[in-house]
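query-v7.csv follows; it contains CSV, C-alpha atoms.
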```
chain,number,residue,atom,x,y,z
A,44,MET,CA,-21.4,-16.4,11.1
A,45,THR,CA,-18.6,-16.9,8.6
A,46,ASN,CA,-18.6,-14.5,5.8
A,47,SER,CA,-17.1,-15.3,2.4
A,48,PRO,CA,-14.0,-13.3,1.3
A,49,GLN,CA,-16.0,-11.6,-1.3
A,50,HIS,CA,-18.7,-10.5,1.2
A,51,ILE,CA,-16.0,-9.3,3.6
A,52,LYS,CA,-14.4,-7.2,0.8
A,53,SER,CA,-17.8,-5.8,-0.1
A,54,LEU,CA,-18.3,-4.6,3.5
A,55,VAL,CA,-14.7,-3.2,3.7
A,56,SER,CA,-15.2,-1.3,0.4
A,57,GLN,CA,-18.5,0.2,1.7
A,58,TYR,CA,-16.8,1.3,4.9
A,59,TRP,CA,-14.0,3.1,3.1
A,60,SER,CA,-16.3,4.7,0.5
A,61,GLU,CA,-18.1,6.2,3.4
A,62,ARG,CA,-14.8,7.5,4.7
A,63,ALA,CA,-13.8,9.1,1.4
A,64,ILE,CA,-15.3,12.5,1.9
A,65,ASP,CA,-12.7,13.6,4.5
A,66,PHE,CA,-10.1,10.9,4.2
A,67,ASP,CA,-7.3,13.1,2.9
A,68,GLN,CA,-7.6,15.4,5.9
A,69,GLY,CA,-6.0,12.8,8.2
A,70,PRO,CA,-2.2,13.0,8.8
A,71,THR,CA,-1.8,9.3,8.1
A,72,HIS,CA,-3.9,9.5,5.0
A,73,GLY,CA,-3.2,12.7,3.1
A,74,ILE,CA,-0.6,15.4,2.8
A,75,LEU,CA,-1.2,18.2,5.2
A,76,ASN,CA,1.9,20.4,4.7
A,77,GLU,CA,4.9,20.9,2.5
A,78,ARG,CA,7.3,19.3,5.0
A,79,GLN,CA,5.2,16.1,4.9
A,80,HIS,CA,5.0,16.3,1.1
A,81,GLN,CA,8.8,16.5,0.8
A,82,ALA,CA,9.4,13.7,3.4
A,83,TRP,CA,7.3,11.3,1.3
A,84,ARG,CA,8.8,12.4,-1.9
A,85,GLY,CA,12.3,11.8,-0.5
A,86,LEU,CA,11.4,8.4,0.9
A,87,LEU,CA,9.9,7.2,-2.4
A,88,ARG,CA,12.7,8.6,-4.4
A,89,GLU,CA,15.2,6.8,-2.2
A,90,VAL,CA,13.5,3.5,-2.3
A,91,VAL,CA,12.1,3.3,-5.8
A,92,GLY,CA,15.0,5.2,-7.4
A,93,SER,CA,15.3,7.9,-10.0
A,94,GLU,CA,15.0,5.8,-13.2
A,95,PRO,CA,11.4,5.7,-14.4
A,96,VAL,CA,9.5,2.5,-13.4
A,97,LYS,CA,6.0,1.1,-13.9
A,98,ALA,CA,4.3,0.8,-10.5
A,99,LEU,CA,1.1,-0.7,-9.3
A,100,ASP,CA,-0.5,0.8,-6.2
A,101,VAL,CA,-2.8,-1.8,-4.7
A,102,GLY,CA,-5.6,-0.6,-2.4
A,103,CYS,CA,-4.7,2.9,-3.6
A,104,GLY,CA,-7.5,4.8,-1.8
A,105,THR,CA,-7.5,8.4,-2.9
A,106,GLY,CA,-4.3,7.9,-4.8
A,107,PHE,CA,-1.6,9.0,-2.2
A,108,LEU,CA,1.2,6.8,-3.4
A,109,ALA,CA,0.4,6.6,-7.1
A,110,MET,CA,0.2,10.4,-7.4
A,111,LEU,CA,3.6,10.9,-5.6
A,112,LEU,CA,5.1,8.3,-7.9
A,113,GLY,CA,3.7,10.1,-10.9
A,114,GLU,CA,5.1,13.4,-9.5
A,115,LEU,CA,8.6,11.7,-9.4
A,116,GLY,CA,8.4,10.8,-13.1
A,117,HIS,CA,7.2,7.2,-12.8
A,118,THR,CA,4.2,5.5,-14.5
A,119,ALA,CA,1.7,4.4,-11.9
A,120,VAL,CA,-1.6,2.5,-11.9
A,121,GLY,CA,-3.8,2.5,-8.8
A,122,VAL,CA,-6.6,0.0,-8.0
A,123,ASP,CA,-9.2,0.0,-5.3
A,124,LEU,CA,-12.6,-1.5,-4.7
A,125,ALA,CA,-14.0,1.5,-2.7
A,126,ASP,CA,-15.8,3.5,-5.4
A,127,ASP,CA,-15.9,6.9,-3.7
A,128,MET,CA,-12.1,6.7,-2.8
A,129,LEU,CA,-11.4,5.8,-6.4
A,130,ALA,CA,-13.4,8.8,-7.7
A,131,LYS,CA,-11.3,11.1,-5.7
A,132,ALA,CA,-8.1,9.5,-7.0
A,133,GLN,CA,-9.4,9.7,-10.6
A,134,HIS,CA,-10.1,13.4,-10.1
A,135,LYS,CA,-6.6,14.0,-8.9
A,136,ALA,CA,-5.1,12.2,-12.0
A,137,ALA,CA,-7.4,14.0,-14.4
A,138,THR,CA,-6.3,17.4,-13.0
A,139,SER,CA,-2.5,16.5,-13.1
A,140,ALA,CA,0.0,16.1,-15.8
A,141,PHE,CA,1.4,12.8,-14.3
A,142,ASP,CA,1.3,9.4,-16.0
A,143,VAL,CA,-1.1,8.0,-13.5
A,144,THR,CA,-4.3,6.1,-14.0
A,145,PHE,CA,-6.8,4.6,-11.5
A,146,CYS,CA,-9.3,1.8,-12.1
A,147,ARG,CA,-11.5,-0.5,-10.0
A,148,GLY,CA,-9.6,-3.5,-8.9
A,149,ASP,CA,-9.2,-6.0,-6.1
A,150,ALA,CA,-5.9,-5.8,-4.1
A,151,GLU,CA,-6.0,-9.5,-3.7
A,152,ASN,CA,-6.4,-10.1,-7.4
A,153,PRO,CA,-5.3,-7.0,-9.3
A,154,PRO,CA,-6.1,-6.6,-13.0
A,155,ARG,CA,-3.3,-8.1,-15.2
A,156,ASP,CA,-3.7,-5.8,-18.1
A,157,GLY,CA,-0.7,-3.6,-17.3
A,158,ALA,CA,1.6,-6.4,-16.0
A,159,PRO,CA,4.4,-7.0,-15.6
A,160,TYR,CA,5.4,-4.2,-13.1
A,161,ASP,CA,8.7,-3.1,-11.7
A,162,VAL,CA,7.2,-2.1,-8.4
A,163,ILE,CA,4.0,-3.1,-6.5
A,164,ILE,CA,3.4,-0.8,-3.5
A,165,GLU,CA,0.7,-0.4,-0.8
A,166,ARG,CA,0.2,1.6,2.3
A,167,HIS,CA,-1.9,0.4,5.3
A,168,VAL,CA,-3.8,-2.1,3.2
A,169,ILE,CA,-2.7,-5.5,4.5
A,170,TRP,CA,-4.9,-5.4,7.6
A,171,THR,CA,-8.0,-4.9,5.5
A,172,LEU,CA,-7.5,-8.1,3.4
A,173,PRO,CA,-9.2,-11.4,4.3
A,174,GLN,CA,-6.6,-13.3,2.3
A,175,PRO,CA,-3.3,-11.5,2.5
A,176,GLN,CA,-1.2,-14.5,1.4
A,177,LEU,CA,-3.4,-14.8,-1.8
A,178,ALA,CA,-2.7,-11.1,-2.4
A,179,MET,CA,1.1,-11.5,-2.1
A,180,GLN,CA,1.0,-14.5,-4.4
A,181,ALA,CA,-0.8,-12.4,-7.0
A,182,TRP,CA,1.6,-9.5,-6.6
A,183,HIS,CA,4.5,-11.9,-7.1
A,184,ALA,CA,3.0,-13.1,-10.4
A,185,LEU,CA,2.5,-9.5,-11.6
A,186,LEU,CA,6.1,-8.4,-11.0
A,187,LYS,CA,8.9,-8.6,-13.5
A,188,PRO,CA,11.8,-10.8,-12.4
A,189,GLY,CA,13.8,-8.6,-10.1
A,190,GLY,CA,10.8,-6.4,-9.4
A,191,ARG,CA,10.1,-5.3,-5.8
A,192,VAL,CA,7.1,-5.3,-3.5
A,193,ILE,CA,7.0,-2.4,-1.0
A,194,LEU,CA,4.7,-2.6,2.0
A,195,ILE,CA,4.2,0.5,4.1
A,196,GLU,CA,2.7,-0.8,7.3
A,197,GLY,CA,2.6,-0.7,11.1
A,198,ILE,CA,0.7,-1.6,14.2
A,199,PHE,CA,-2.4,0.6,14.6
A,200,ASP,CA,-4.8,1.8,17.2
A,201,MET,CA,-8.4,0.9,16.2
A,202,PRO,CA,-10.7,2.8,18.5
A,203,SER,CA,-12.6,4.4,15.6
A,204,HIS,CA,-13.8,0.9,14.5
A,205,THR,CA,-16.0,0.3,17.5
A,206,ASP,CA,-19.6,-0.3,16.2
A,207,THR,CA,-18.6,-0.4,12.6
A,208,ILE,CA,-18.6,-3.3,10.1
A,209,TYR,CA,-15.1,-4.2,11.5
A,210,THR,CA,-16.7,-5.3,14.8
A,211,ASP,CA,-18.2,-8.3,13.0
A,212,ILE,CA,-15.5,-9.2,10.6
A,213,ARG,CA,-12.2,-8.3,12.3
A,214,THR,CA,-11.6,-11.9,13.4
A,215,GLN,CA,-11.6,-12.9,9.7
A,216,LEU,CA,-8.9,-10.3,8.8
A,217,PRO,CA,-5.6,-12.0,9.7
A,218,PHE,CA,-3.6,-8.8,10.0
A,219,TYR,CA,-6.4,-6.7,11.6
A,220,GLY,CA,-4.8,-3.9,13.7
A,221,GLY,CA,-1.4,-4.5,12.1
A,222,HIS,CA,1.3,-7.0,13.0
A,223,PRO,CA,5.1,-6.8,13.6
A,224,SER,CA,7.3,-6.6,10.6
A,225,GLU,CA,8.4,-10.2,11.2
A,226,ALA,CA,5.0,-11.4,10.3
A,227,LEU,CA,4.9,-9.6,7.0
A,228,VAL,CA,8.4,-10.8,6.2
A,229,ALA,CA,7.4,-14.4,6.8
A,230,CYS,CA,4.3,-14.0,4.7
A,231,LEU,CA,6.2,-12.5,1.8
A,232,GLU,CA,8.9,-15.2,2.0
A,233,SER,CA,6.2,-17.9,2.0
A,234,GLN,CA,5.1,-16.6,-1.4
A,235,GLY,CA,8.5,-16.6,-3.0
A,236,PHE,CA,9.9,-13.2,-2.2
A,237,VAL,CA,13.6,-12.9,-1.3
A,238,ASP,CA,16.1,-10.2,-0.2
A,239,MET,CA,13.7,-8.9,2.5
A,240,THR,CA,14.4,-5.6,4.1
A,241,VAL,CA,12.7,-3.7,7.0
A,242,ARG,CA,13.0,0.0,7.5
A,243,PRO,CA,11.5,1.9,10.4
A,244,LEU,CA,9.3,4.9,9.4
A,245,MET,CA,9.2,6.8,12.7
A,246,ASP,CA,10.2,10.2,11.3
A,247,ALA,CA,7.6,12.7,12.5
A,248,ALA,CA,7.8,14.5,9.2
A,249,LEU,CA,6.1,11.6,7.4
A,250,TRP,CA,3.1,11.7,9.8
A,251,VAL,CA,3.0,15.4,10.9
A,252,GLU,CA,3.8,14.2,14.4
A,253,ALA,CA,5.9,11.3,15.7
A,254,PRO,CA,3.9,8.0,15.6
A,255,GLN,CA,3.2,6.4,19.0
A,256,ARG,CA,3.2,2.9,17.6
A,257,PRO,CA,5.6,1.2,15.1
A,258,ARG,CA,5.5,2.2,11.4
A,259,PHE,CA,7.8,0.6,9.0
A,260,MET,CA,8.4,-0.4,5.3
A,261,VAL,CA,9.0,-4.0,4.3
A,262,THR,CA,10.4,-4.8,0.9
A,263,GLY,CA,11.0,-8.0,-1.0
A,264,THR,CA,12.2,-9.0,-4.5
A,265,ARG,CA,10.8,-11.4,-7.0
A,266,PRO,CA,13.9,-13.5,-7.9
A,267,GLY,CA,15.4,-13.6,-11.3
A,268,GLY,CA,16.7,-10.1,-12.2
A,269,THR,CA,18.0,-6.8,-11.0
A,270,PRO,CA,15.9,-5.2,-8.3
A,271,ALA,CA,14.0,-2.1,-9.3
A,272,SER,CA,15.0,-0.2,-6.1
A,273,ILE,CA,18.3,1.5,-5.8
A,274,PRO,CA,19.5,1.5,-2.1
A,275,ILE,CA,18.7,-1.6,0.0
A,276,PRO,CA,18.4,-0.7,3.7
A,277,SER,CA,19.9,-3.1,6.2
A,278,ARG,CA,17.4,-5.6,7.7
A,279,SER,CA,16.3,-4.6,11.2
A,280,MET,CA,13.0,-5.9,12.6
A,281,SER,CA,10.4,-3.4,14.0
```
So that I can check it, write out the structure of this file as structure tokens.
Amino acid sequence: MTNSPQHIKSLVSQYWSERAIDFDQGPTHGILNERQHQAWRGLLREVVGSEPVKALDVGCGTGFLAMLLGELGHTAVGVDLADDMLAKAQHKAATSAFDVTFCRGDAENPPRDGAPYDVIIERHVIWTLPQPQLAMQAWHALLKPGGRVILIEGIFDMPSHTDTIYTDIRTQLPFYGGHPSEALVACLESQGFVDMTVRPLMDAALWVEAPQRPRFMVTGTRPGGTPASIPIPSRSMS
């Protein structure tokens, strides 16, 4: 049976809502110690820069990236379709002093109310999308000229998804399980992004322990202005 994209997204949202209760306890999902906290702060400070920007965190989950960006002095908006994940993110924002808000929204078609953005960022979201190219097209439209998209991705082990909704829909998720960075670069370029960079993220501090499979950051720029990020790492495929 072929599911519609909307039905697939409904199933994916249900799955991640059910995972929300202990989601932040995983080393690839939350922050488990101060070393990891500082590693992510340092990475985002380097890539996004120190000048305040307005960022959109698509598929924000429990708010990992948006809250870190707020902590660094940026304005961040996070969107997600998984209601229980979103509730956790909203609680974090409500109990902080950061300029961070969370609302229900589709990563493939985010709300346009806050646009344009300097930065659109995501972590481990692409593989959950039935139409990733449509998402990248939407992100391109929501960025300011010179704005940057930042994808934190990798190639993942999926044993935990046996006998879950993913068993039935994984063939309809083009990036299921993750893909090499070259595939993400090509997808972004097809939607008009330029100045692509790839940066390995294999530092054990980011994940508590060294990852066994590739983790990386892919960035691209919407043409027409000065990029929002400060340093641009050299391009090296992972």
Exercise. Atom CA of A:Leu249 to atom CA of A:Gln79: how many Å, to one decimal?
Worked result: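 Atom CA of A:Gln79 lies 5.2 Å from atom CA of A:Leu249.
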At a cut-off of 12 Å, can you tabulate as a tab-separated table every residue of stretch 73-105 of chain A near stretch 255-269 of chain A together with its closest atom pair and the distance in Å to one decimal, using all atoms listed in the file and ordering rows by chain then number?
```
residue	atom	partner	partner_atom	distance
A:Leu86	CA	A:Met260	CA	10.3
A:Leu87	CA	A:Met260	CA	10.9
A:Val90	CA	A:Thr262	CA	9.4
A:Val91	CA	A:Thr262	CA	10.6
```
For this session: Compare A:Thr118, A:Gln234, A:Thr207, A:Thr214 by their minimum atom-to-atom distance to A:Tyr160, counting all atoms listed in the file, and give me the closest one.
Result: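 So, comparing all the options, the nearest one is A:Thr118.
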Which residues are near stretch 137-153 of chain A? Cut-off 8 Å, only C-alpha atoms, ignore same chain within fewer than 4 positions. Put them as an mmCIF file with C-alpha atoms, in the coordinates of the input.
```cif
data_model
loop_
_atom_site.group_PDB
_atom_site.id
_atom_site.type_symbol
_atom_site.label_atom_id
_atom_site.label_comp_id
_atom_site.auth_asym_id
_atom_site.auth_seq_id
_atom_site.Cartn_x
_atom_site.Cartn_y
_atom_site.Cartn_z
ATOM 1 C CA VAL A 101 -2.800 -1.800 -4.700
ATOM 2 C CA GLY A 102 -5.600 -0.600 -2.400
ATOM 3 C CA GLY A 106 -4.300 7.900 -4.800
ATOM 4 C CA ALA A 109 0.400 6.600 -7.100
ATOM 5 C CA MET A 110 0.200 10.400 -7.400
ATOM 6 C CA GLY A 113 3.700 10.100 -10.900
ATOM 7 C CA GLU A 114 5.100 13.400 -9.500
ATOM 8 C CA GLY A 116 8.400 10.800 -13.100
ATOM 9 C CA HIS A 117 7.200 7.200 -12.800
ATOM 10 C CA THR A 118 4.200 5.500 -14.500
ATOM 11 C CA ALA A 119 1.700 4.400 -11.900
ATOM 12 C CA VAL A 120 -1.600 2.500 -11.900
ATOM 13 C CA GLY A 121 -3.800 2.500 -8.800
ATOM 14 C CA VAL A 122 -6.600 0.000 -8.000
ATOM 15 C CA ASP A 123 -9.200 0.000 -5.300
ATOM 16 C CA LEU A 124 -12.600 -1.500 -4.700
ATOM 17 C CA ALA A 125 -14.000 1.500 -2.700
ATOM 18 C CA ASP A 126 -15.800 3.500 -5.400
ATOM 19 C CA LEU A 129 -11.400 5.800 -6.400
ATOM 20 C CA ALA A 132 -8.100 9.500 -7.000
ATOM 21 C CA GLN A 133 -9.400 9.700 -10.600
ATOM 22 C CA LEU A 172 -7.500 -8.100 3.400
ATOM 23 C CA GLN A 174 -6.600 -13.300 2.300
ATOM 24 C CA PRO A 175 -3.300 -11.500 2.500
ATOM 25 C CA LEU A 177 -3.400 -14.800 -1.800
ATOM 26 C CA ALA A 178 -2.700 -11.100 -2.400
ATOM 27 C CA MET A 179 1.100 -11.500 -2.100
ATOM 28 C CA ALA A 181 -0.800 -12.400 -7.000
ATOM 29 C CA TRP A 182 1.600 -9.500 -6.600
#
```
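Ranking A:Gln68, A:Ser224, A:Ser53, A:Thr240 by their shortest atom-to-atom distance to A:Arg191, with all atoms listed in the file included, puts A:Thr240 first.
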Problem set entry | For A:His80, the nearest of the candidates A:Phe107, A:Pro173, A:Ile212, A:Pro188, counting only C-alpha atoms | A:Phe107
